[in-house]
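The structure file final_1.cif is reproduced below (mmCIF, C-alpha atoms and all ligand atoms).
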```
data_query
loop_
_atom_site.label_atom_id
_atom_site.label_comp_id
_atom_site.auth_asym_id
_atom_site.auth_seq_id
_atom_site.Cartn_x
_atom_site.Cartn_y
_atom_site.Cartn_z
CA MET A 1253 119.11 -24.04 285.70
CA SER A 1254 116.64 -21.12 285.76
CA PHE A 1255 112.94 -21.54 285.08
CA LEU A 1256 113.38 -19.67 281.78
CA SER A 1257 116.21 -21.92 280.62
CA ARG A 1258 114.18 -24.98 281.48
CA VAL A 1259 111.21 -23.75 279.44
CA LYS A 1260 113.57 -23.09 276.56
CA GLN A 1261 115.07 -26.55 276.91
CA LEU A 1262 111.60 -28.05 277.02
CA LEU A 1263 110.15 -26.25 274.05
CA GLY A 1264 113.24 -25.42 272.05
CA GLY A 1265 114.19 -22.00 270.71
CA ASP A 1266 112.34 -20.01 268.10
CA LYS A 1267 113.30 -22.37 265.35
CA PRO A 1268 111.85 -25.88 265.02
CA GLU A 1269 113.91 -28.66 266.61
CA GLU A 1270 116.17 -30.27 264.02
CA GLU A 1271 116.21 -33.72 265.55
CA GLU A 1272 112.45 -34.20 265.09
CA SER A 1273 111.52 -37.34 263.19
CA PRO A 1274 110.14 -36.58 259.72
CA VAL A 1275 106.65 -37.55 260.88
CA GLU A 1276 106.76 -35.25 263.91
CA ALA A 1277 108.24 -32.41 261.89
CA HIS A 1278 105.40 -32.83 259.45
CA GLU A 1279 102.92 -32.74 262.33
CA ILE A 1280 104.45 -29.53 263.70
CA GLY A 1281 104.36 -27.96 260.26
CA ALA A 1282 100.71 -28.87 259.94
CA GLU A 1283 99.96 -27.39 263.34
CA ALA A 1284 101.75 -24.18 262.50
CA GLN A 1285 99.39 -23.74 259.60
CA GLU A 1286 96.39 -24.34 261.82
CA SER A 1287 95.94 -20.64 262.57
CA VAL A 1288 95.52 -19.85 258.90
CA VAL A 1289 94.03 -23.12 257.68
CA SER A 1290 91.00 -24.64 259.38
CA GLY A 1291 91.79 -27.47 261.86
CA ALA A 1292 89.52 -29.71 259.79
CA ALA A 1293 92.20 -29.74 257.09
CA GLN A 1294 94.44 -31.90 259.31
CA THR A 1295 94.52 -35.64 258.83
CA ILE A 1296 93.63 -37.74 261.89
CA PRO A 1297 97.25 -38.95 262.49
CA GLN A 1298 98.43 -35.32 262.38
CA GLN A 1299 95.83 -34.30 264.96
CA VAL A 1300 96.70 -37.22 267.25
CA GLY A 1301 100.45 -36.46 267.03
CA GLY A 1302 99.88 -32.76 267.79
CA ALA A 1303 97.63 -33.53 270.72
CA ARG A 1304 100.16 -35.99 272.13
CA ARG A 1305 102.96 -33.48 271.92
CA GLU A 1306 100.77 -30.76 273.41
CA ALA A 1307 99.86 -32.98 276.38
CA ALA A 1308 103.53 -33.81 277.01
CA ASP A 1309 104.57 -30.13 276.82
CA SER A 1310 101.69 -29.19 279.07
CA ASP A 1311 102.65 -31.78 281.71
CA ALA A 1312 106.29 -30.74 281.65
CA LEU A 1313 105.41 -27.04 281.87
CA GLU A 1314 103.06 -27.73 284.76
CA GLU A 1315 105.91 -29.44 286.61
CA LEU A 1316 108.21 -26.46 286.00
CA LEU A 1317 105.64 -23.97 287.30
CA ILE A 1318 104.88 -25.98 290.44
CA ASP A 1319 108.61 -26.41 290.98
CA ALA A 1320 109.02 -22.61 290.82
CA GLY A 1321 106.73 -22.41 293.87
CA ILE A 1322 103.59 -21.37 291.98
CA ASP A 1323 100.41 -22.89 293.41
CA VAL A 1324 98.25 -25.37 291.51
CA ASP A 1325 95.39 -22.96 290.75
CA THR A 1326 97.73 -20.31 289.35
CA THR A 1327 99.63 -22.95 287.40
CA MET A 1328 96.37 -24.13 285.82
CA ALA A 1329 95.43 -20.53 284.94
CA ILE A 1330 98.83 -20.01 283.32
CA LEU A 1331 98.56 -23.25 281.34
CA GLN A 1332 95.11 -22.25 280.13
CA GLU A 1333 96.56 -18.95 278.98
CA VAL A 1334 99.41 -20.72 277.19
CA ARG A 1335 97.01 -23.16 275.52
CA ARG A 1336 94.87 -20.28 274.28
CA GLY A 1337 95.81 -19.95 270.65
CA GLY A 1338 97.29 -23.46 270.61
CA LEU A 1339 100.85 -22.43 271.46
CA LEU A 1340 101.78 -25.75 272.97
CA GLY A 1341 102.80 -28.51 270.62
CA ARG A 1342 104.96 -26.05 268.71
CA PRO A 1343 108.61 -25.32 269.43
CA THR A 1344 108.13 -21.65 270.25
CA ALA A 1345 109.57 -21.21 273.73
CA GLU A 1346 109.72 -17.42 273.43
CA GLN A 1347 105.99 -17.16 272.81
CA VAL A 1348 105.18 -19.49 275.70
CA ILE A 1349 107.48 -17.52 278.00
CA GLU A 1350 105.79 -14.26 276.96
CA ARG A 1351 102.41 -15.77 277.83
CA ILE A 1352 103.69 -16.93 281.23
CA ARG A 1353 105.25 -13.53 281.86
CA GLY A 1354 102.01 -11.77 280.89
CA LYS A 1355 99.89 -13.97 283.13
CA LEU A 1356 102.24 -13.58 286.11
CA SER A 1357 102.35 -9.80 285.59
CA SER A 1358 98.56 -9.55 285.49
CA VAL A 1359 98.36 -11.29 288.88
CA PHE A 1360 100.34 -8.36 290.31
CA ASP A 1361 98.01 -5.72 288.87
CA LEU A 1362 97.15 -4.35 292.30
CA ASP A 1363 97.69 -0.95 293.91
CA SER A 1364 101.28 -1.17 295.11
CA ALA A 1365 101.77 2.47 296.15
CA LEU A 1366 102.69 2.87 299.81
CA ASN A 1367 100.11 4.99 301.61
CA THR A 1368 101.85 7.53 303.83
CA THR A 1369 98.98 9.97 304.15
CA GLY A 1370 97.61 10.86 307.59
CA SER A 1371 98.61 13.14 310.41
CA PRO A 1372 100.53 11.26 311.37
CA ALA A 1373 100.48 8.35 308.91
CA VAL A 1374 100.54 5.14 310.95
CA ILE A 1375 102.19 2.02 309.54
CA LEU A 1376 101.92 -1.22 311.48
CA VAL A 1377 104.41 -3.96 310.58
CA THR A 1378 103.80 -7.61 311.37
CA GLY A 1379 105.01 -11.06 310.36
CA VAL A 1380 106.48 -14.30 311.69
CA ASN A 1381 109.76 -14.62 313.59
CA GLY A 1382 112.81 -13.59 311.65
CA ALA A 1383 110.93 -12.56 308.49
CA GLY A 1384 112.76 -9.23 308.51
CA LYS A 1385 110.34 -6.85 310.26
CA THR A 1386 112.81 -4.85 312.31
CA SER A 1387 115.41 -4.48 309.57
CA SER A 1388 112.76 -3.55 306.99
CA ILE A 1389 111.38 -0.89 309.35
CA ALA A 1390 114.82 0.70 309.63
CA LYS A 1391 115.17 0.62 305.82
CA LEU A 1392 111.71 2.14 305.40
CA ALA A 1393 112.53 4.85 307.97
CA ASN A 1394 115.70 5.66 306.07
CA MET A 1395 113.77 5.83 302.79
CA LEU A 1396 111.12 8.14 304.26
CA LYS A 1397 113.78 10.34 305.81
CA GLN A 1398 115.42 10.74 302.41
CA GLU A 1399 112.03 11.90 301.14
CA ASN A 1400 112.18 14.61 303.85
CA ARG A 1401 109.48 13.01 305.98
CA THR A 1402 109.86 12.97 309.75
CA VAL A 1403 109.58 9.52 311.27
CA LEU A 1404 109.07 7.96 314.70
CA LEU A 1405 109.65 4.24 315.24
CA VAL A 1406 107.72 2.46 317.98
CA ALA A 1407 109.25 -0.61 319.62
CA ALA A 1408 106.11 -2.66 320.29
CA ASP A 1409 108.03 -5.96 320.22
CA THR A 1410 108.15 -6.30 323.99
CA PHE A 1411 108.27 -10.09 323.75
CA ARG A 1412 111.82 -10.87 322.67
CA ALA A 1413 114.74 -9.81 324.82
CA GLY A 1414 116.94 -7.48 322.80
CA ALA A 1415 114.25 -6.54 320.28
CA VAL A 1416 113.98 -2.96 321.58
CA ASP A 1417 117.74 -2.46 321.49
CA GLN A 1418 117.89 -3.85 317.94
CA LEU A 1419 115.29 -1.32 316.76
CA ALA A 1420 117.00 1.47 318.71
CA ILE A 1421 120.37 0.69 317.08
CA LEU A 1422 118.94 0.42 313.57
CA GLY A 1423 116.77 3.53 314.08
CA GLY A 1424 119.89 5.35 315.28
CA ARG A 1425 121.70 4.37 312.07
CA ALA A 1426 118.82 5.73 310.01
CA GLY A 1427 118.82 8.86 312.19
CA VAL A 1428 115.24 8.56 313.38
CA PRO A 1429 113.92 8.58 316.98
CA VAL A 1430 112.60 5.42 318.61
CA MET A 1431 109.87 5.16 321.27
CA ARG A 1432 111.36 2.50 323.52
CA SER A 1433 109.57 -0.01 325.72
CA VAL A 1434 110.52 -2.50 328.39
CA GLU A 1435 110.40 -6.26 328.04
CA GLY A 1436 106.96 -7.62 328.91
CA GLN A 1437 105.19 -4.26 328.60
CA ASP A 1438 101.75 -4.35 326.94
CA PRO A 1439 102.51 -3.57 323.26
CA SER A 1440 99.39 -1.44 322.93
CA SER A 1441 100.54 0.80 325.79
CA VAL A 1442 103.83 1.44 323.94
CA VAL A 1443 101.84 2.23 320.82
CA PHE A 1444 99.69 4.64 322.81
CA ASN A 1445 102.78 6.43 324.16
CA GLY A 1446 104.31 6.50 320.69
CA LEU A 1447 101.26 8.05 319.08
CA GLN A 1448 101.03 10.68 321.81
CA LYS A 1449 104.63 11.66 321.16
CA ALA A 1450 104.14 11.60 317.37
CA VAL A 1451 101.12 13.92 317.61
CA ALA A 1452 102.92 16.27 320.05
CA ASP A 1453 106.04 16.37 317.84
CA ARG A 1454 104.00 16.66 314.61
CA VAL A 1455 105.78 13.65 313.13
CA ASP A 1456 104.79 12.70 309.56
CA VAL A 1457 104.99 8.91 309.75
CA VAL A 1458 104.90 6.48 312.69
CA VAL A 1459 106.15 2.95 312.01
CA ILE A 1460 105.35 0.28 314.60
CA ASP A 1461 107.50 -2.83 315.08
CA THR A 1462 105.70 -5.85 316.54
CA ALA A 1463 106.75 -9.22 317.93
CA GLY A 1464 107.17 -12.06 315.49
CA ARG A 1465 105.39 -15.20 316.51
CA LEU A 1466 103.74 -18.16 314.94
CA GLU A 1467 100.88 -16.89 312.86
CA ASN A 1468 98.42 -19.38 314.37
CA LYS A 1469 98.91 -18.35 317.97
CA LYS A 1470 95.81 -16.82 319.57
CA ASN A 1471 97.81 -14.41 321.73
CA LEU A 1472 99.42 -12.77 318.74
CA ARG A 1473 96.04 -12.34 317.11
CA PHE A 1474 94.56 -10.66 320.21
CA GLU A 1475 97.65 -8.54 320.69
CA LEU A 1476 97.53 -7.27 317.11
CA GLN A 1477 93.80 -6.59 317.31
CA LYS A 1478 94.32 -4.66 320.53
CA VAL A 1479 97.07 -2.55 318.93
CA VAL A 1480 94.77 -1.78 315.99
CA ARG A 1481 91.96 -0.81 318.39
CA VAL A 1482 94.25 1.58 320.27
CA ILE A 1483 95.30 3.28 317.03
CA GLU A 1484 91.91 3.45 315.34
CA THR A 1485 89.42 3.68 318.22
CA LYS A 1486 91.29 5.28 321.11
CA PHE A 1487 93.33 7.63 318.94
CA GLY A 1488 90.89 7.93 316.06
CA LEU A 1489 93.73 7.57 313.58
CA PRO A 1490 93.09 5.43 310.50
CA LEU A 1491 95.92 2.98 309.84
CA SER A 1492 97.67 4.07 306.66
CA GLU A 1493 99.16 0.61 306.14
CA THR A 1494 99.25 -2.74 307.92
CA LEU A 1495 102.20 -4.43 306.28
CA LEU A 1496 102.94 -8.13 306.47
CA VAL A 1497 106.60 -9.05 306.08
CA ILE A 1498 107.15 -12.18 304.01
CA ASP A 1499 110.56 -13.79 303.58
CA ALA A 1500 110.85 -14.58 299.86
CA THR A 1501 112.68 -17.81 300.62
CA THR A 1502 109.59 -19.18 302.41
CA GLY A 1503 107.81 -21.78 300.31
CA GLU A 1504 104.09 -22.45 300.26
CA ASN A 1505 103.94 -21.59 303.96
CA ALA A 1506 103.99 -17.94 302.89
CA LEU A 1507 100.39 -18.24 301.69
CA MET A 1508 99.37 -19.81 304.99
CA GLN A 1509 101.05 -16.97 306.89
CA ALA A 1510 99.25 -14.39 304.77
CA ARG A 1511 95.90 -16.11 305.27
CA ALA A 1512 96.37 -16.37 309.05
CA PHE A 1513 97.50 -12.76 309.53
CA SER A 1514 94.68 -11.49 307.27
CA GLU A 1515 92.19 -13.29 309.46
CA ALA A 1516 93.55 -11.45 312.51
CA ILE A 1517 93.72 -7.93 311.04
CA PRO A 1518 93.20 -6.49 307.54
CA ILE A 1519 96.57 -6.59 305.76
CA SER A 1520 97.01 -3.79 303.22
CA GLY A 1521 100.34 -4.82 301.73
CA ILE A 1522 103.40 -7.04 301.80
CA ILE A 1523 107.05 -6.22 302.41
CA LEU A 1524 108.90 -8.96 300.55
CA THR A 1525 112.34 -9.53 302.08
CA LYS A 1526 115.49 -11.48 301.23
CA VAL A 1527 114.92 -11.46 297.47
CA ASP A 1528 118.73 -11.39 297.28
CA SER A 1529 118.89 -14.87 298.81
CA GLY A 1530 118.22 -16.81 295.61
CA ALA A 1531 114.54 -17.14 296.40
CA LYS A 1532 112.17 -18.79 293.95
CA GLY A 1533 109.43 -16.52 295.25
CA GLY A 1534 106.59 -18.30 293.48
CA SER A 1535 104.52 -18.34 296.67
CA ILE A 1536 104.11 -14.59 296.44
CA VAL A 1537 102.03 -15.15 293.30
CA SER A 1538 99.48 -17.14 295.30
CA ILE A 1539 99.21 -14.36 297.88
CA ALA A 1540 98.49 -11.78 295.19
CA ARG A 1541 96.10 -14.05 293.34
CA GLU A 1542 94.14 -15.54 296.22
CA LEU A 1543 94.19 -12.74 298.78
CA ARG A 1544 94.60 -9.77 296.40
CA ILE A 1545 97.25 -8.29 298.72
CA PRO A 1546 99.76 -6.13 296.81
CA ILE A 1547 103.49 -6.21 297.46
CA LYS A 1548 104.44 -2.65 298.42
CA LEU A 1549 108.13 -2.85 299.25
CA VAL A 1550 110.94 -5.22 298.37
CA CYS A 1551 114.11 -5.70 300.44
CA ASN A 1552 117.16 -7.13 298.79
CA GLY A 1553 120.04 -7.05 301.25
CA GLU A 1554 121.20 -6.15 304.71
CA THR A 1555 122.16 -2.50 304.27
CA LEU A 1556 119.84 0.41 305.09
CA MET A 1557 119.58 1.17 301.39
CA SER A 1558 118.42 -2.31 300.42
CA ILE A 1559 114.77 -1.44 299.97
CA LYS A 1560 112.73 -0.32 297.00
CA PRO A 1561 109.14 0.14 295.94
CA PHE A 1562 107.57 -2.92 294.32
CA ASP A 1563 108.28 -3.34 290.63
CA LYS A 1564 106.19 -5.95 288.81
CA ASP A 1565 108.82 -6.77 286.20
CA ASP A 1566 111.54 -7.27 288.84
CA ILE A 1567 109.46 -9.81 290.70
CA VAL A 1568 108.36 -11.68 287.58
CA ASP A 1569 112.04 -11.83 286.57
CA MET A 1570 112.96 -13.11 290.04
CA ILE A 1571 110.49 -15.97 289.60
CA LEU A 1572 111.44 -16.75 286.01
CA LEU A 1573 115.19 -16.48 286.53
CA SER A 1574 115.32 -18.37 289.86
CA GLU A 1575 117.47 -21.50 289.80
N1 LIG A 1601 119.98 -11.01 302.91
C1 LIG A 1601 118.97 -10.40 303.50
N2 LIG A 1601 118.80 -10.54 304.83
C2 LIG A 1601 117.77 -9.91 305.42
C3 LIG A 1601 116.86 -9.12 304.67
N3 LIG A 1601 115.93 -8.63 305.54
C4 LIG A 1601 116.26 -9.11 306.75
N4 LIG A 1601 117.36 -9.88 306.70
C5 LIG A 1601 118.03 -10.59 307.80
O1 LIG A 1601 117.12 -11.48 308.42
C6 LIG A 1601 117.39 -11.58 309.81
C7 LIG A 1601 116.12 -11.31 310.61
O2 LIG A 1601 115.77 -9.95 310.43
P1 LIG A 1601 114.93 -9.12 311.50
O3 LIG A 1601 114.69 -7.79 310.92
O4 LIG A 1601 115.56 -9.18 312.83
O5 LIG A 1601 113.60 -9.98 311.51
P2 LIG A 1601 112.32 -9.81 312.44
O6 LIG A 1601 111.15 -10.21 311.64
O7 LIG A 1601 112.29 -8.48 313.06
O8 LIG A 1601 112.65 -10.93 313.54
P3 LIG A 1601 111.96 -11.12 315.00
O9 LIG A 1601 111.92 -9.78 315.64
O10 LIG A 1601 112.87 -12.07 315.71
O11 LIG A 1601 110.63 -11.70 314.75
C8 LIG A 1601 118.50 -10.60 310.10
O12 LIG A 1601 119.72 -11.29 310.15
C9 LIG A 1601 118.47 -9.65 308.91
O13 LIG A 1601 119.71 -9.07 308.63
C10 LIG A 1601 117.06 -8.99 303.25
O14 LIG A 1601 116.32 -8.33 302.50
N5 LIG A 1601 118.13 -9.65 302.74
MG MG A 1602 112.15 -7.89 315.05
#
```
What would the structure in this file look like if it were written as structure tokens?
Amino acid sequence: MSFLSRVKQLLGGDKPEEEESPVEAHEIGAEAQESVVSGAAQTIPQQVGGARREAADSDALEELLIDAGIDVDTTMAILQEVRRGGLLGRPTAEQVIERIRGKLSSVFDLDSALNTTGSPAVILVTGVNGAGKTSSIAKLANMLKQENRTVLLVAADTFRAGAVDQLAILGGRAGVPVMRSVEGQDPSSVVFNGLQKAVADRVDVVVIDTAGRLENKKNLRFELQKVVRVIETKFGLPLSETLLVIDATTGENALMQARAFSEAIPISGIILTKVDSGAKGGSIVSIARELRIPIKLVCNGETLMSIKPFDKDDIVDMILLSE
């Protein structure tokens, strides 16, 4: 059952629940008047009944939010928002859902526009193994090409056998050139070669694929920092974007990944992948809230076309409608 359906089941529809006992129904009626009549007008039993119901609703709602993958701090902030105006304790699921939706949306009020300015624009893509870096890069290249931008892909994943060929094949499908490398080559040397070619060919956007490894490994951190130094110091090119790829089906570990990568290099945005895989996606809320990193692109399938710019409402729906 989706998060939304569960909230509705918990709090009922817009109309009061019919099976309430007369006493409870009376209590709810009294509460409903609270916004127009002073709270002091309630009798003590009415207040106690309302408070009891509110606490039960609040506990159940908290459980639903945590279950949707939303972290404790964000859950508490949402509950506070829902309590504001005394919505709990009344069978008005729609109003509660609107409050939750509003709070979730406000967490995503960050600049989600992809920065492709620069000559060339340089986009570095990182993330753990299998998150979807290489496929997202091909999708992004395809998207940029459709916007009439020229693109060069750089295969700086020299760690995994077959990684270069994978990028070359996918780049070929998107119709964009790929700066190849050989297994074991220093990734920053491939990046250097790639940037030289991009400048010589007057390419608009360079997208760099990197090796996926555990986010807590020192080597990866140094390797990424070295790549950034080559781009920014040796070449004097500001990075347009450093994008972290997050698999939407990852649970709370997604926040840990984002924290660890942000400690290595400044992350400017997230590519959220596999949203088509029935992901709950609540962990992405924590990343936006705690680290203030915007989602910039969303991938929802395995074809080259399965990529789109971030849309706040889509993501909030994904969280609320997830099973
Ligand atoms: N359904 C679905 N599958 C995806 C999506 N993005 C990536 N995948 C799949 O996830 C798997 C891993 O994707 P890659 O692009 O190779 O991931 P990576 O991060 O480059 O992996 P490494 O290079 O091994 O670190 C592949 O089978 C992709 O087809 C998506 O949006 N939806
Ligand atoms: Mg890869």
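Shortest atom-to-atom contact with ligand MG 1602 (chain A) among A:Met1508, A:Ile1559, A:Ala1390, A:Val1458: A:Ala1390, counting all atoms listed in the file.
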Dump the neighbourhood of ligand MG 1602 (chain A) as a ChimeraX atom specification: all residues within 6 Å, distances computed on all atoms listed in the file. /A:1385-1386,1415
Taking only C-alpha atoms and all ligand atoms into account, which residues have an atom no farther than 9 Å from ligand LIG 1601 (chain A)? I'd like them as a PyMOL selection string. chain A and resi 1378-1390+1409+1411-1412+1415+1418-1419+1461-1465+1497-1500+1524-1529+1550-1555+1558-1559
Counting only C-alpha atoms, which of A:Val1334, A:Gln1437, A:Pro1372, A:Val1324 gets nearest to Ala1452 in chain A? A:Pro1372
Which residues are near Gly1370 in chain A? Cut-off 9 Å, only C-alpha atoms, ignore same chain within fewer than 4 positions. Put them as number ranges by chain. A: 1374, 1456-1457, 1489-1492
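Between Arg1454 in chain A and the residues A:Leu1472, A:Ala1373, A:Ile1517, A:Met1395, the shortest atom-to-atom distance, using all atoms listed in the file, involves A:Ala1373.
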Grab the CA of Phe1513 in chain A to CA of Phe1487 in chain A distance for me, in Å with one decimal place. 22.8 Å
Please identify all polymer residues within 12 Å of Asp1417 in chain A, counting all atoms listed in the file, omitting same-chain residues fewer than 6 positions from it, and present them as a list in words. Thr1386, Val1406, Ala1407, Ala1408, Asp1409, Thr1410, Gly1423, Gly1424, Val1430, Met1431, Arg1432, Ser1433, Val1434 and Glu1435 of chain A
I'd like to know which of A:Ser1441, A:Lys1560, A:Ser1538, A:Gln1347 is closest to Glu1475 in chain A, using only C-alpha atoms. A:Ser1441
May I have the protein, DNA and RNA residues with any atom at most 12 Å from the point (97.2, -11.4, 280.5), counting all atoms listed in the file, written as a PDB file with C-alpha atoms, keeping the file's coordinate frame?
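The result, written out as point.pdb:
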```pdb
ATOM      1  CA  ALA A1329      95.430 -20.530 284.940  1.00  0.00           C
ATOM      2  CA  ILE A1330      98.830 -20.010 283.320  1.00  0.00           C
ATOM      3  CA  LEU A1331      98.560 -23.250 281.340  1.00  0.00           C
ATOM      4  CA  GLN A1332      95.110 -22.250 280.130  1.00  0.00           C
ATOM      5  CA  GLU A1333      96.560 -18.950 278.980  1.00  0.00           C
ATOM      6  CA  VAL A1334      99.410 -20.720 277.190  1.00  0.00           C
ATOM      7  CA  ARG A1336      94.870 -20.280 274.280  1.00  0.00           C
ATOM      8  CA  GLU A1350     105.790 -14.260 276.960  1.00  0.00           C
ATOM      9  CA  ARG A1351     102.410 -15.770 277.830  1.00  0.00           C
ATOM     10  CA  ILE A1352     103.690 -16.930 281.230  1.00  0.00           C
ATOM     11  CA  ARG A1353     105.250 -13.530 281.860  1.00  0.00           C
ATOM     12  CA  GLY A1354     102.010 -11.770 280.890  1.00  0.00           C
ATOM     13  CA  LYS A1355      99.890 -13.970 283.130  1.00  0.00           C
ATOM     14  CA  LEU A1356     102.240 -13.580 286.110  1.00  0.00           C
ATOM     15  CA  SER A1357     102.350  -9.800 285.590  1.00  0.00           C
ATOM     16  CA  SER A1358      98.560  -9.550 285.490  1.00  0.00           C
ATOM     17  CA  VAL A1359      98.360 -11.290 288.880  1.00  0.00           C
ATOM     18  CA  PHE A1360     100.340  -8.360 290.310  1.00  0.00           C
ATOM     19  CA  ASP A1361      98.010  -5.720 288.870  1.00  0.00           C
TER      20      ASP A1361
END
```
Mind checking which residues fall within 9 Å of Phe1562 in chain A, counting all atoms listed in the file, ignoring those fewer than 5 positions away in the same chain, and posting them as a list in words? Ser1364, Ala1365, Ile1523, Leu1524, Pro1546, Ile1547, Lys1548, Leu1549, Val1550 and Ile1567 of chain A
Could you model N, CA and C atoms for range 1547-1562 of chain A and present them as a short mmCIF file (atom, residue, chain, number, x, y, z; two decimals), in the frame of the given file?
```cif
data_model
loop_
_atom_site.label_atom_id
_atom_site.label_comp_id
_atom_site.auth_asym_id
_atom_site.auth_seq_id
_atom_site.Cartn_x
_atom_site.Cartn_y
_atom_site.Cartn_z
N ILE A 1547 102.17 -6.41 296.87
CA ILE A 1547 103.49 -6.21 297.46
C ILE A 1547 103.74 -4.72 297.36
N LYS A 1548 104.20 -4.10 298.46
CA LYS A 1548 104.44 -2.65 298.42
C LYS A 1548 105.92 -2.32 298.43
N LEU A 1549 106.69 -3.13 299.15
CA LEU A 1549 108.13 -2.85 299.25
C LEU A 1549 108.90 -4.15 299.11
N VAL A 1550 110.10 -4.04 298.56
CA VAL A 1550 110.94 -5.22 298.37
C VAL A 1550 112.31 -4.94 298.98
N CYS A 1551 112.79 -5.86 299.83
CA CYS A 1551 114.11 -5.70 300.44
C CYS A 1551 115.07 -6.73 299.87
N ASN A 1552 116.24 -6.25 299.51
CA ASN A 1552 117.16 -7.13 298.79
C ASN A 1552 118.58 -7.08 299.35
N GLY A 1553 118.70 -7.04 300.66
CA GLY A 1553 120.04 -7.05 301.25
C GLY A 1553 119.99 -6.56 302.69
N GLU A 1554 121.17 -6.46 303.28
CA GLU A 1554 121.20 -6.15 304.71
C GLU A 1554 121.54 -4.69 305.01
N THR A 1555 121.83 -3.89 303.98
CA THR A 1555 122.16 -2.50 304.27
C THR A 1555 120.87 -1.67 304.37
N LEU A 1556 121.00 -0.47 304.94
CA LEU A 1556 119.84 0.41 305.09
C LEU A 1556 119.22 0.80 303.75
N MET A 1557 120.05 0.75 302.72
CA MET A 1557 119.58 1.17 301.39
C MET A 1557 118.88 0.05 300.62
N SER A 1558 118.92 -1.16 301.19
CA SER A 1558 118.42 -2.31 300.42
C SER A 1558 116.90 -2.43 300.46
N ILE A 1559 116.23 -1.41 300.01
CA ILE A 1559 114.77 -1.44 299.97
C ILE A 1559 114.32 -0.65 298.75
N LYS A 1560 113.27 -1.13 298.09
CA LYS A 1560 112.73 -0.32 297.00
C LYS A 1560 111.25 -0.57 296.83
N PRO A 1561 110.56 0.38 296.19
CA PRO A 1561 109.14 0.14 295.94
C PRO A 1561 108.98 -1.07 295.03
N PHE A 1562 107.85 -1.72 295.12
CA PHE A 1562 107.57 -2.92 294.32
C PHE A 1562 107.63 -2.60 292.83
#
```
